>>> print(open('coords33.cif').read())   # mmCIF, C-alpha atoms (C1' of nucleotides) and all ligand atoms
data_final
#
loop_
_atom_site.label_atom_id
_atom_site.label_comp_id
_atom_site.auth_asym_id
_atom_site.auth_seq_id
_atom_site.Cartn_x
_atom_site.Cartn_y
_atom_site.Cartn_z
CA MET Q 1 -4.14 30.08 -10.82
CA ASN Q 2 -2.62 28.10 -13.61
CA VAL Q 3 0.82 27.42 -12.19
CA LYS Q 4 0.64 25.60 -8.90
CA LYS Q 5 2.30 27.12 -5.87
CA ILE Q 6 5.13 25.01 -4.53
CA ILE Q 7 6.79 25.11 -1.12
CA ILE Q 8 10.35 23.83 -1.09
CA PRO Q 9 12.08 22.75 2.15
CA PRO Q 10 13.74 23.78 4.28
CA VAL Q 11 11.09 26.02 5.84
CA ARG Q 12 11.83 27.49 9.27
CA ARG Q 13 9.33 26.54 11.92
CA GLU Q 14 8.24 30.15 12.35
CA ASP Q 15 7.41 30.30 8.66
CA VAL Q 16 5.25 27.21 8.66
CA PRO Q 17 1.94 28.94 9.48
CA ALA Q 18 2.36 31.31 6.54
CA ALA Q 19 3.31 28.41 4.26
CA LEU Q 20 0.17 26.53 5.23
CA ALA Q 21 -2.00 29.60 4.82
CA SER Q 22 -0.54 30.31 1.40
CA LEU Q 23 -1.92 26.97 0.22
CA GLY Q 24 -5.32 27.53 1.76
CA ILE Q 25 -4.70 25.21 4.70
CA ALA Q 26 -6.32 26.46 7.92
CA VAL Q 27 -3.66 26.82 10.58
CA THR Q 28 -3.98 24.72 13.72
CA ALA Q 29 -1.45 23.69 16.34
CA GLN Q 30 -1.29 20.10 15.11
CA ARG Q 31 -0.91 21.12 11.45
CA VAL Q 32 1.93 23.47 12.32
CA GLU Q 33 3.72 20.73 14.26
CA ILE Q 34 3.36 18.22 11.47
CA GLY Q 35 4.26 20.82 8.84
CA ALA Q 36 7.36 21.85 10.77
CA ILE Q 37 8.52 18.24 10.92
CA LEU Q 38 8.01 17.60 7.23
CA LEU Q 39 9.30 20.90 5.94
CA GLU Q 40 12.49 20.87 7.98
CA SER Q 41 14.17 19.21 5.00
CA MET Q 42 13.41 17.25 1.87
CA GLN Q 43 12.55 13.81 3.12
CA HIS Q 44 10.23 10.85 2.84
CA LEU Q 45 8.29 9.96 5.98
CA SER Q 46 5.54 7.48 6.71
CA ALA Q 47 2.57 8.42 8.91
CA GLU Q 48 4.06 6.32 11.68
CA GLN Q 49 7.40 8.13 11.41
CA VAL Q 50 5.66 11.50 11.53
CA GLN Q 51 3.84 10.50 14.68
CA ALA Q 52 7.07 9.23 16.25
CA ARG Q 53 8.77 12.57 15.57
CA LEU Q 54 5.86 14.42 17.08
CA GLU Q 55 6.33 12.49 20.30
CA ALA Q 56 10.08 13.06 20.15
CA ASP Q 57 9.41 16.79 19.88
CA GLY Q 58 7.15 16.73 22.92
CA ALA Q 59 4.13 17.37 20.75
CA SER Q 60 1.50 14.85 19.78
CA ALA Q 61 -1.55 14.27 17.66
CA SER Q 62 -3.94 11.38 17.44
CA LYS Q 63 -3.51 8.81 14.73
CA ALA Q 64 -6.64 10.12 12.99
CA THR Q 65 -5.24 13.64 12.95
CA VAL Q 66 -1.89 12.51 11.61
CA TYR Q 67 -3.59 10.68 8.74
CA ASN Q 68 -6.10 13.45 8.10
CA THR Q 69 -3.40 16.08 8.09
CA LEU Q 70 -1.07 14.21 5.77
CA GLY Q 71 -3.98 13.58 3.41
CA LEU Q 72 -4.92 17.25 3.51
CA PHE Q 73 -1.33 18.36 2.90
CA ALA Q 74 -1.11 16.04 -0.08
CA ARG Q 75 -4.40 17.29 -1.56
CA LYS Q 76 -3.22 20.86 -1.16
CA GLY Q 77 0.11 20.11 -2.82
CA LEU Q 78 2.31 20.74 0.21
CA VAL Q 79 3.64 17.19 0.13
CA ARG Q 80 3.46 14.34 -2.33
CA GLU Q 81 2.13 10.90 -1.59
CA LEU Q 82 4.45 8.10 -2.65
CA VAL Q 83 3.22 4.55 -3.06
CA ILE Q 84 6.33 2.48 -3.06
CA ASP Q 85 5.98 -0.83 -1.36
CA GLY Q 86 2.40 -1.65 -0.56
CA SER Q 87 2.93 -1.79 3.17
CA ARG Q 88 2.74 1.92 3.86
CA VAL Q 89 2.53 5.26 2.10
CA PHE Q 90 5.38 7.78 2.27
CA TYR Q 91 4.95 11.54 2.23
CA ASP Q 92 7.58 13.45 0.32
CA SER Q 93 8.24 16.99 1.48
CA ASN Q 94 9.68 17.84 -1.90
CA PRO Q 95 6.57 18.29 -4.04
CA SER Q 96 8.39 19.14 -7.24
CA ASP Q 97 8.71 16.57 -9.99
CA HIS Q 98 11.43 14.08 -9.34
CA PHE Q 99 12.00 10.33 -9.39
CA HIS Q 100 13.02 7.76 -6.79
CA PHE Q 101 15.32 4.88 -6.08
CA TYR Q 102 13.98 2.27 -3.71
CA ASN Q 103 16.18 -0.41 -2.22
CA VAL Q 104 13.90 -3.40 -1.85
CA ASP Q 105 16.32 -5.15 0.51
CA ASP Q 106 16.63 -2.49 3.18
CA GLY Q 107 13.68 -0.23 2.41
CA THR Q 108 15.72 2.91 1.85
CA LEU Q 109 14.29 5.54 -0.47
CA PHE Q 110 16.39 8.15 -2.33
CA ASP Q 111 15.68 10.92 -4.73
CA PHE Q 112 17.33 10.66 -8.10
CA PRO Q 113 20.33 12.91 -8.21
CA SER Q 114 19.32 15.95 -10.21
CA SER Q 115 20.15 15.00 -13.74
CA PRO Q 116 18.40 15.46 -17.01
CA VAL Q 117 16.30 12.31 -16.90
CA THR Q 118 13.69 12.44 -19.56
CA LEU Q 119 10.67 10.37 -20.25
CA SER Q 120 9.94 10.74 -23.93
CA ASN Q 121 7.07 9.74 -26.13
CA LEU Q 122 4.68 9.41 -23.23
CA PRO Q 123 1.38 8.34 -24.77
CA THR Q 124 -1.50 10.72 -24.24
CA PRO Q 125 -3.83 9.77 -21.41
CA PRO Q 126 -6.83 7.59 -22.32
CA GLU Q 127 -9.94 9.35 -23.66
CA GLY Q 128 -11.80 11.22 -20.97
CA THR Q 129 -8.87 11.42 -18.59
CA LYS Q 130 -6.19 13.96 -17.91
CA LEU Q 131 -2.71 13.59 -16.55
CA ASP Q 132 -2.30 13.93 -12.81
CA LYS Q 133 1.27 12.87 -12.14
CA VAL Q 134 4.01 10.57 -13.29
CA ASP Q 135 5.67 8.32 -10.75
CA VAL Q 136 8.95 6.68 -11.58
CA VAL Q 137 10.41 4.26 -9.05
CA VAL Q 138 13.62 2.46 -9.82
CA ARG Q 139 13.87 -0.58 -7.62
CA VAL Q 140 17.36 -1.70 -6.72
CA THR Q 141 18.74 -4.55 -4.66
CA THR Q 142 21.80 -4.59 -2.45
CA LYS Q 143 24.63 -6.13 -4.50
CA MET L 144 21.03 -18.29 -17.82
CA ASN L 145 21.70 -14.69 -18.62
CA VAL L 146 18.51 -13.81 -20.44
CA LYS L 147 15.49 -14.41 -18.29
CA LYS L 148 12.79 -16.71 -19.60
CA ILE L 149 9.51 -14.94 -20.15
CA ILE L 150 6.04 -16.43 -20.49
CA ILE L 151 3.63 -14.27 -22.45
CA PRO L 152 -0.16 -14.75 -22.22
CA PRO L 153 -2.34 -16.19 -23.48
CA VAL L 154 -1.32 -19.66 -22.36
CA ARG L 155 -3.85 -22.45 -22.82
CA ARG L 156 -4.83 -24.20 -19.63
CA GLU L 157 -3.32 -27.48 -20.80
CA ASP L 158 0.01 -25.73 -21.31
CA VAL L 159 0.13 -24.22 -17.83
CA PRO L 160 1.91 -27.13 -16.11
CA ALA L 161 4.75 -26.99 -18.63
CA ALA L 162 4.96 -23.22 -18.30
CA LEU L 163 5.30 -23.51 -14.53
CA ALA L 164 7.86 -26.28 -14.80
CA SER L 165 9.91 -24.29 -17.27
CA LEU L 166 10.42 -21.65 -14.63
CA GLY L 167 11.31 -24.14 -11.93
CA ILE L 168 7.92 -23.95 -10.23
CA ALA L 169 6.79 -27.31 -8.84
CA VAL L 170 3.42 -28.19 -10.32
CA THR L 171 0.48 -28.62 -7.96
CA ALA L 172 -3.25 -28.51 -8.53
CA GLN L 173 -3.63 -25.10 -6.89
CA ARG L 174 -0.73 -23.58 -8.82
CA VAL L 175 -2.14 -24.79 -12.10
CA GLU L 176 -5.53 -23.29 -11.28
CA ILE L 177 -4.08 -19.95 -10.33
CA GLY L 178 -1.67 -19.99 -13.27
CA ALA L 179 -4.48 -20.79 -15.69
CA ILE L 180 -6.47 -17.82 -14.41
CA LEU L 181 -3.60 -15.38 -14.67
CA LEU L 182 -2.18 -16.60 -17.96
CA GLU L 183 -5.49 -16.66 -19.78
CA SER L 184 -4.72 -13.12 -20.93
CA MET L 185 -2.59 -10.11 -20.09
CA GLN L 186 -4.27 -8.63 -17.06
CA HIS L 187 -3.81 -7.10 -13.65
CA LEU L 188 -5.44 -8.97 -10.77
CA SER L 189 -5.34 -8.55 -7.02
CA ALA L 190 -5.08 -11.55 -4.72
CA GLU L 191 -8.72 -11.13 -3.83
CA GLN L 192 -9.72 -11.11 -7.50
CA VAL L 193 -7.71 -14.26 -8.13
CA GLN L 194 -9.45 -16.02 -5.27
CA ALA L 195 -12.85 -14.87 -6.53
CA ARG L 196 -12.12 -16.31 -9.97
CA LEU L 197 -11.04 -19.58 -8.44
CA GLU L 198 -14.42 -19.88 -6.76
CA ALA L 199 -16.15 -18.88 -9.98
CA ASP L 200 -14.30 -21.69 -11.76
CA GLY L 201 -15.41 -24.21 -9.16
CA ALA L 202 -11.89 -24.49 -7.84
CA SER L 203 -10.57 -23.00 -4.64
CA ALA L 204 -7.49 -22.43 -2.58
CA SER L 205 -6.97 -21.05 0.89
CA LYS L 206 -6.03 -17.44 1.33
CA ALA L 207 -2.54 -18.46 2.43
CA THR L 208 -2.08 -20.51 -0.72
CA VAL L 209 -3.28 -17.71 -2.97
CA TYR L 210 -0.80 -15.28 -1.40
CA ASN L 211 2.03 -17.81 -1.30
CA THR L 212 1.46 -18.79 -4.90
CA LEU L 213 1.32 -15.24 -6.20
CA GLY L 214 4.49 -14.42 -4.29
CA LEU L 215 6.19 -17.50 -5.70
CA PHE L 216 5.06 -16.69 -9.26
CA ALA L 217 6.44 -13.18 -8.87
CA ARG L 218 9.79 -14.38 -7.54
CA LYS L 219 10.08 -16.81 -10.42
CA GLY L 220 9.26 -14.12 -12.95
CA LEU L 221 5.98 -15.59 -14.16
CA VAL L 222 4.07 -12.48 -13.11
CA ARG L 223 5.04 -9.04 -12.00
CA GLU L 224 4.02 -7.41 -8.76
CA LEU L 225 2.59 -3.92 -9.18
CA VAL L 226 2.37 -1.50 -6.29
CA ILE L 227 -0.05 1.08 -7.47
CA ASP L 228 -2.27 2.42 -4.79
CA GLY L 229 -1.20 1.31 -1.36
CA SER L 230 -4.37 -0.55 -0.62
CA ARG L 231 -3.51 -3.77 -2.42
CA VAL L 232 -0.95 -5.27 -4.73
CA PHE L 233 -1.77 -6.22 -8.32
CA TYR L 234 -0.21 -9.09 -10.22
CA ASP L 235 0.48 -8.46 -13.86
CA SER L 236 0.43 -11.51 -16.11
CA ASN L 237 2.55 -9.66 -18.64
CA PRO L 238 6.03 -9.84 -17.15
CA SER L 239 7.76 -7.96 -19.92
CA ASP L 240 8.81 -4.36 -19.43
CA HIS L 241 5.97 -1.96 -19.86
CA PHE L 242 4.40 1.01 -18.13
CA HIS L 243 0.97 1.75 -16.69
CA PHE L 244 -1.82 4.25 -16.57
CA TYR L 245 -3.80 4.31 -13.35
CA ASN L 246 -7.07 6.21 -13.07
CA VAL L 247 -7.14 7.40 -9.48
CA ASP L 248 -10.85 8.16 -9.66
CA ASP L 249 -12.16 4.75 -10.68
CA GLY L 250 -9.17 2.50 -9.95
CA THR L 251 -8.78 1.23 -13.51
CA LEU L 252 -5.32 0.15 -14.58
CA PHE L 253 -4.13 0.05 -18.21
CA ASP L 254 -0.96 -0.86 -19.97
CA PHE L 255 0.63 1.87 -22.02
CA PRO L 256 -0.14 1.33 -25.66
CA SER L 257 3.00 -0.08 -27.19
CA SER L 258 4.93 2.95 -28.27
CA PRO L 259 8.54 3.90 -28.10
CA VAL L 260 8.52 5.40 -24.64
CA THR L 261 12.03 5.95 -23.48
CA LEU L 262 13.49 6.86 -20.17
CA SER L 263 16.83 8.46 -20.90
CA ASN L 264 19.72 9.50 -18.75
CA LEU L 265 18.68 7.23 -15.90
CA PRO L 266 21.27 7.76 -13.20
CA THR L 267 23.25 4.70 -12.23
CA PRO L 268 22.01 2.95 -9.09
CA PRO L 269 23.59 4.05 -5.79
CA GLU L 270 26.92 2.45 -4.83
CA GLY L 271 26.52 -1.13 -3.73
CA THR L 272 23.18 -1.64 -5.41
CA LYS L 273 22.10 -2.98 -8.74
CA LEU L 274 19.04 -2.30 -10.80
CA ASP L 275 16.09 -4.60 -10.26
CA LYS L 276 13.25 -2.98 -12.20
CA VAL L 277 11.83 0.33 -13.27
CA ASP L 278 8.23 1.10 -12.51
CA VAL L 279 6.48 3.92 -14.30
CA VAL L 280 2.93 4.73 -13.30
CA VAL L 281 1.13 7.62 -14.92
CA ARG L 282 -1.74 8.66 -12.72
CA VAL L 283 -4.71 10.19 -14.48
CA THR L 284 -8.02 11.57 -13.30
CA THR L 285 -11.40 11.39 -14.98
CA LYS L 286 -11.89 14.70 -16.80
"C1'" DG Y 287 -15.39 38.60 29.19
"C1'" DC Y 288 -19.17 35.47 27.21
"C1'" DG Y 289 -21.94 32.57 24.32
"C1'" DT Y 290 -22.21 30.53 19.81
"C1'" DC Y 291 -20.91 27.54 16.27
"C1'" DA Y 292 -18.35 25.44 12.63
"C1'" DA Y 293 -14.08 23.30 12.14
"C1'" DT Y 294 -10.97 20.36 14.18
"C1'" DT Y 295 -9.24 16.80 17.18
"C1'" DT Y 296 -9.64 12.64 19.72
"C1'" DA Y 297 -9.99 7.61 21.48
"C1'" DG Y 298 -10.83 3.65 20.15
"C1'" DA Y 299 -13.54 0.46 17.44
"C1'" DC Y 300 -13.35 -1.29 13.06
"C1'" DT Y 301 -11.89 -2.86 8.26
"C1'" DC Y 302 -8.82 -4.67 5.12
"C1'" DT Y 303 -4.72 -6.67 3.21
"C1'" DG Y 304 -1.43 -9.63 4.08
"C1'" DT Y 305 1.48 -12.90 7.29
"C1'" DC Y 306 2.20 -16.60 10.34
"C1'" DT Y 307 1.60 -21.00 12.75
"C1'" DA Y 308 0.71 -25.62 13.56
"C1'" DG Y 309 -1.30 -29.40 11.92
"C1'" DA Y 310 -3.24 -32.11 7.88
"C1'" DC Y 311 -2.60 -33.67 3.26
"C1'" DT Y 312 -0.18 -35.27 -1.02
"C1'" DG Y 313 2.44 -37.88 -3.80
"C1'" DA Y 314 6.98 -39.45 -5.38
"C1'" DA Y 315 10.47 -42.58 -4.01
"C1'" DC Y 316 11.69 -46.57 -2.17
"C1'" DG K 317 2.49 -49.64 2.07
"C1'" DT K 318 5.81 -46.55 4.59
"C1'" DT K 319 8.25 -42.52 4.60
"C1'" DC K 320 9.03 -37.74 4.20
"C1'" DA K 321 9.65 -33.28 2.20
"C1'" DG K 322 6.88 -30.15 0.16
"C1'" DT K 323 2.51 -28.16 0.02
"C1'" DC K 324 -1.93 -26.76 1.64
"C1'" DT K 325 -5.23 -25.32 5.12
"C1'" DA K 326 -8.03 -22.85 8.85
"C1'" DG K 327 -7.85 -19.50 11.50
"C1'" DA K 328 -5.25 -16.51 14.62
"C1'" DC K 329 -2.60 -12.54 14.20
"C1'" DA K 330 -0.38 -8.07 12.65
"C1'" DG K 331 -0.15 -3.51 10.75
"C1'" DA K 332 -1.85 0.33 7.99
"C1'" DG K 333 -5.42 3.07 7.47
"C1'" DT K 334 -10.58 4.56 8.13
"C1'" DC K 335 -14.59 5.76 10.61
"C1'" DT K 336 -17.67 7.38 14.30
"C1'" DA K 337 -19.43 9.92 17.90
"C1'" DA K 338 -18.19 12.87 21.36
"C1'" DA K 339 -15.05 16.54 23.19
"C1'" DT K 340 -12.25 20.58 22.21
"C1'" DT K 341 -10.87 24.74 20.00
"C1'" DG K 342 -10.92 29.26 18.71
"C1'" DA K 343 -12.86 32.98 15.72
"C1'" DC K 344 -16.52 36.07 15.84
"C1'" DG K 345 -20.24 38.97 17.43
"C1'" DC K 346 -21.99 40.92 21.33
MN MN D 401 -0.16 -4.35 1.97
MN MN D 402 -2.91 1.02 2.91
ZN ZN D 403 11.49 12.46 -3.17
ZN ZN D 404 0.66 -4.35 -17.22
#
>>> encode(input="coords33.cif", output="structure tokens")
Amino acid sequence: MNVKKIIIPPVRREDVPAALASLGIAVTAQRVEIGAILLESMQHLSAEQVQARLEADGASASKATVYNTLGLFARKGLVRELVIDGSRVFYDSNPSDHFHFYNVDDGTLFDFPSSPVTLSNLPTPPEGTKLDKVDVVVRVTTK
Amino acid sequence: MNVKKIIIPPVRREDVPAALASLGIAVTAQRVEIGAILLESMQHLSAEQVQARLEADGASASKATVYNTLGLFARKGLVRELVIDGSRVFYDSNPSDHFHFYNVDDGTLFDFPSSPVTLSNLPTPPEGTKLDKVDVVVRVTTK
DNA sequence: GCGTCAATTTAGACTCTGTCTAGACTGAAC
DNA sequence: GTTCAGTCTAGACAGAGTCTAAATTGACGC
């Protein structure tokens, strides 16, 4: 497999088990719940927000499971980890390449509108390393 | 002041008080110590690393002072806060615009070699917000 | 159905970074 | 030498995330 499989939201709840399986993620009740929450739409959720939605849905998972599951999903490429503000990590249910706006005053996080942003003349990675991913965060303040 | 004053390392220890003053930072013994450490060269240090170097230099400052001082320096534009990996913030003594490589395997952080990297067609910031800064982090793994 | 077993989940202790508070200290101004 | 605002300090506290050891799950073979 040279081209990485990508799952793009929205994914219907009933299709979540197959989506997990297609990425080699063993299906469990908790993983389906968490997957259904994330894949409902393209969004950016913290671990705490995921756990809050679980409760709201009448489901639940321990803190350890929430963290383990989000970490697993990120390693498998189902979601993308975003390090934005040092106080918590966000998980992005849109794993395709795109950039972000972050409002430092109110903490809101947006995707760039789809537009032909280009990053040119990227230097090659240092000797002995290979590119993993490029994160672009444009920080804005409320005017 | 429309163009922001920038201090570029290295700055000799004896010149640190004037550098602080020029940015409107009141000069104190602890601020000079911390400034001297950071401005010795272009580098990326965490709060913990700054405190360790203070001890190594026979100086010291409380944890609260280290954090307060780094936050103050960042607000005044002497250093730049870098959010790279969610476990701690780095302070970059090169405040001019530049991008970073981060090796996720060993935690090393490099500046891009100076090269004409360009980010084109950046969308305009969302209504009601204005651009603060653009952070580009290229994550690499050890091959 | 029943036992086995590896994978998963769990509660809660723990770690770590960073913040806060309340009092002590500093030093410039008078 | 008194005052006082700004700064510094120890240590309590908070919040995100990790770890551990035990309990649970569920697929599989019988
Ligand atoms: Mn933090
Ligand atoms: Mn963290
Ligand atoms: Zn996104
Ligand atoms: Zn840098």
>>> residues_around(input="coords33.cif", residues="stretch 295-300 of chain Y", least_positions_apart="3", cutoff="9 Å", atoms="all atoms listed in the file", output="count of residues only")
13
>>> interface_residues(input="coords33.cif", of="chain L", to="chain Y", cutoff="10 Å", atoms="all atoms listed in the file", output="PyMOL selection string")
chain L and resi 171+190-191+206-207+210-211+229-232
>>> interface_residues(input="coords33.cif", of="chain L", to="chain Q", cutoff="10 Å", atoms="all atoms listed in the file", output="CSV table (one decimal) with C-alpha atoms, in the coordinates of the input")
chain,number,residue,atom,x,y,z
L,225,LEU,CA,2.6,-3.9,-9.2
L,226,VAL,CA,2.4,-1.5,-6.3
L,227,ILE,CA,0.0,1.1,-7.5
L,228,ASP,CA,-2.3,2.4,-4.8
L,229,GLY,CA,-1.2,1.3,-1.4
L,230,SER,CA,-4.4,-0.6,-0.6
L,231,ARG,CA,-3.5,-3.8,-2.4
L,232,VAL,CA,-1.0,-5.3,-4.7
L,233,PHE,CA,-1.8,-6.2,-8.3
L,242,PHE,CA,4.4,1.0,-18.1
L,243,HIS,CA,1.0,1.8,-16.7
L,244,PHE,CA,-1.8,4.2,-16.6
L,245,TYR,CA,-3.8,4.3,-13.4
L,246,ASN,CA,-7.1,6.2,-13.1
L,247,VAL,CA,-7.1,7.4,-9.5
L,248,ASP,CA,-10.8,8.2,-9.7
L,253,PHE,CA,-4.1,0.0,-18.2
L,255,PHE,CA,0.6,1.9,-22.0
L,256,PRO,CA,-0.1,1.3,-25.7
L,257,SER,CA,3.0,-0.1,-27.2
L,258,SER,CA,4.9,3.0,-28.3
L,259,PRO,CA,8.5,3.9,-28.1
L,260,VAL,CA,8.5,5.4,-24.6
L,261,THR,CA,12.0,6.0,-23.5
L,262,LEU,CA,13.5,6.9,-20.2
L,263,SER,CA,16.8,8.5,-20.9
L,264,ASN,CA,19.7,9.5,-18.8
L,265,LEU,CA,18.7,7.2,-15.9
L,266,PRO,CA,21.3,7.8,-13.2
L,267,THR,CA,23.2,4.7,-12.2
L,268,PRO,CA,22.0,3.0,-9.1
L,269,PRO,CA,23.6,4.0,-5.8
L,270,GLU,CA,26.9,2.4,-4.8
L,271,GLY,CA,26.5,-1.1,-3.7
L,272,THR,CA,23.2,-1.6,-5.4
L,273,LYS,CA,22.1,-3.0,-8.7
L,274,LEU,CA,19.0,-2.3,-10.8
L,275,ASP,CA,16.1,-4.6,-10.3
L,276,LYS,CA,13.2,-3.0,-12.2
L,277,VAL,CA,11.8,0.3,-13.3
L,278,ASP,CA,8.2,1.1,-12.5
L,279,VAL,CA,6.5,3.9,-14.3
L,280,VAL,CA,2.9,4.7,-13.3
L,281,VAL,CA,1.1,7.6,-14.9
L,282,ARG,CA,-1.7,8.7,-12.7
L,283,VAL,CA,-4.7,10.2,-14.5
L,284,THR,CA,-8.0,11.6,-13.3
L,285,THR,CA,-11.4,11.4,-15.0
L,286,LYS,CA,-11.9,14.7,-16.8
>>> closest_atom_pairs(input="coords33.cif", of="chain K", to="chain Q", cutoff="9 Å", atoms="all atoms listed in the file", output="tab-separated table")
residue	atom	partner	partner_atom	distance
K:DG331	C1'	Q:Ser87	CA	8.4
K:DA332	C1'	Q:Arg88	CA	6.4
K:DG333	C1'	Q:Tyr67	CA	7.9
K:DT334	C1'	Q:Ala64	CA	8.4
>>> atom_distance(input="coords33.cif", atom1="atom CA of L:Thr212", atom2="atom CA of L:Val146")
23.6 Å
>>> atom_distance(input="coords33.cif", atom1="atom CA of Q:Asp111", atom2="atom CA of Q:His44")
9.3 Å
>>> atom_distance(input="coords33.cif", atom1="atom CA of L:Glu176", atom2="atom CA of L:Ala217")
15.9 Å
>>> closest_residue(input="coords33.cif", among="Q:Ser22, Q:Ser60, Q:Ser96, Q:Thr108", to="Q:Ile37", atoms="all atoms listed in the file")
Q:Ser60
>>> closest_residue(input="coords33.cif", among="Q:Ser46, Q:Leu54, Q:Asp15, Q:Asn94", to="Q:Ile34", atoms="only C-alpha atoms")
Q:Leu54
>>> closest_residue(input="coords33.cif", among="L:Pro153, L:Pro238, L:Gly250, L:Lys219", to="ligand ZN 404 (chain D)", atoms="only C-alpha atoms and all ligand atoms")
L:Pro238
>>> build_atoms(input="coords33.cif", residues="stretch 37-57 of chain Q", atoms="N, CA and C atoms", output="mmCIF file, in the coordinates of the input")
data_model
loop_
_atom_site.group_PDB
_atom_site.id
_atom_site.type_symbol
_atom_site.label_atom_id
_atom_site.label_comp_id
_atom_site.auth_asym_id
_atom_site.auth_seq_id
_atom_site.Cartn_x
_atom_site.Cartn_y
_atom_site.Cartn_z
ATOM 1 N N ILE Q 37 7.739 19.478 11.031
ATOM 2 C CA ILE Q 37 8.520 18.240 10.920
ATOM 3 C C ILE Q 37 8.825 17.931 9.460
ATOM 4 N N LEU Q 38 7.806 17.961 8.626
ATOM 5 C CA LEU Q 38 8.010 17.600 7.230
ATOM 6 C C LEU Q 38 8.884 18.598 6.489
ATOM 7 N N LEU Q 39 8.643 19.867 6.752
ATOM 8 C CA LEU Q 39 9.300 20.900 5.940
ATOM 9 C C LEU Q 39 10.707 21.253 6.412
ATOM 10 N N GLU Q 40 11.136 20.629 7.480
ATOM 11 C CA GLU Q 40 12.490 20.870 7.980
ATOM 12 C C GLU Q 40 13.526 20.580 6.905
ATOM 13 N N SER Q 41 13.262 19.546 6.106
ATOM 14 C CA SER Q 41 14.170 19.210 5.000
ATOM 15 C C SER Q 41 13.402 18.390 3.973
ATOM 16 N N MET Q 42 14.043 18.141 2.847
ATOM 17 C CA MET Q 42 13.410 17.250 1.870
ATOM 18 C C MET Q 42 13.576 15.835 2.378
ATOM 19 N N GLN Q 43 12.470 15.167 2.579
ATOM 20 C CA GLN Q 43 12.550 13.810 3.120
ATOM 21 C C GLN Q 43 11.296 13.032 2.790
ATOM 22 N N HIS Q 44 11.340 11.750 3.124
ATOM 23 C CA HIS Q 44 10.230 10.850 2.840
ATOM 24 C C HIS Q 44 9.851 10.174 4.144
ATOM 25 N N LEU Q 45 8.690 10.496 4.678
ATOM 26 C CA LEU Q 45 8.290 9.960 5.980
ATOM 27 C C LEU Q 45 6.941 9.251 5.879
ATOM 28 N N SER Q 46 6.830 8.153 6.597
ATOM 29 C CA SER Q 46 5.540 7.480 6.710
ATOM 30 C C SER Q 46 4.730 8.141 7.817
ATOM 31 N N ALA Q 47 3.435 7.865 7.856
ATOM 32 C CA ALA Q 47 2.570 8.420 8.910
ATOM 33 C C ALA Q 47 3.111 8.032 10.288
ATOM 34 N N GLU Q 48 3.541 6.792 10.391
ATOM 35 C CA GLU Q 48 4.060 6.320 11.680
ATOM 36 C C GLU Q 48 5.309 7.106 12.085
ATOM 37 N N GLN Q 49 6.180 7.368 11.114
ATOM 38 C CA GLN Q 49 7.400 8.130 11.410
ATOM 39 C C GLN Q 49 7.073 9.559 11.814
ATOM 40 N N VAL Q 50 6.070 10.140 11.159
ATOM 41 C CA VAL Q 50 5.660 11.500 11.530
ATOM 42 C C VAL Q 50 5.176 11.504 12.976
ATOM 43 N N GLN Q 51 4.366 10.523 13.319
ATOM 44 C CA GLN Q 51 3.840 10.500 14.680
ATOM 45 C C GLN Q 51 4.976 10.291 15.701
ATOM 46 N N ALA Q 52 5.938 9.442 15.342
ATOM 47 C CA ALA Q 52 7.070 9.230 16.250
ATOM 48 C C ALA Q 52 7.850 10.520 16.470
ATOM 49 N N ARG Q 53 8.030 11.301 15.409
ATOM 50 C CA ARG Q 53 8.770 12.570 15.570
ATOM 51 C C ARG Q 53 7.985 13.569 16.389
ATOM 52 N N LEU Q 54 6.679 13.537 16.247
ATOM 53 C CA LEU Q 54 5.860 14.420 17.080
ATOM 54 C C LEU Q 54 6.144 14.135 18.548
ATOM 55 N N GLU Q 55 6.064 12.873 18.915
ATOM 56 C CA GLU Q 55 6.330 12.490 20.300
ATOM 57 C C GLU Q 55 7.723 12.959 20.710
ATOM 58 N N ALA Q 56 8.703 12.673 19.844
ATOM 59 C CA ALA Q 56 10.080 13.060 20.150
ATOM 60 C C ALA Q 56 10.209 14.556 20.388
ATOM 61 N N ASP Q 57 9.368 15.337 19.729
ATOM 62 C CA ASP Q 57 9.410 16.790 19.880
ATOM 63 C C ASP Q 57 8.565 17.264 21.066
#
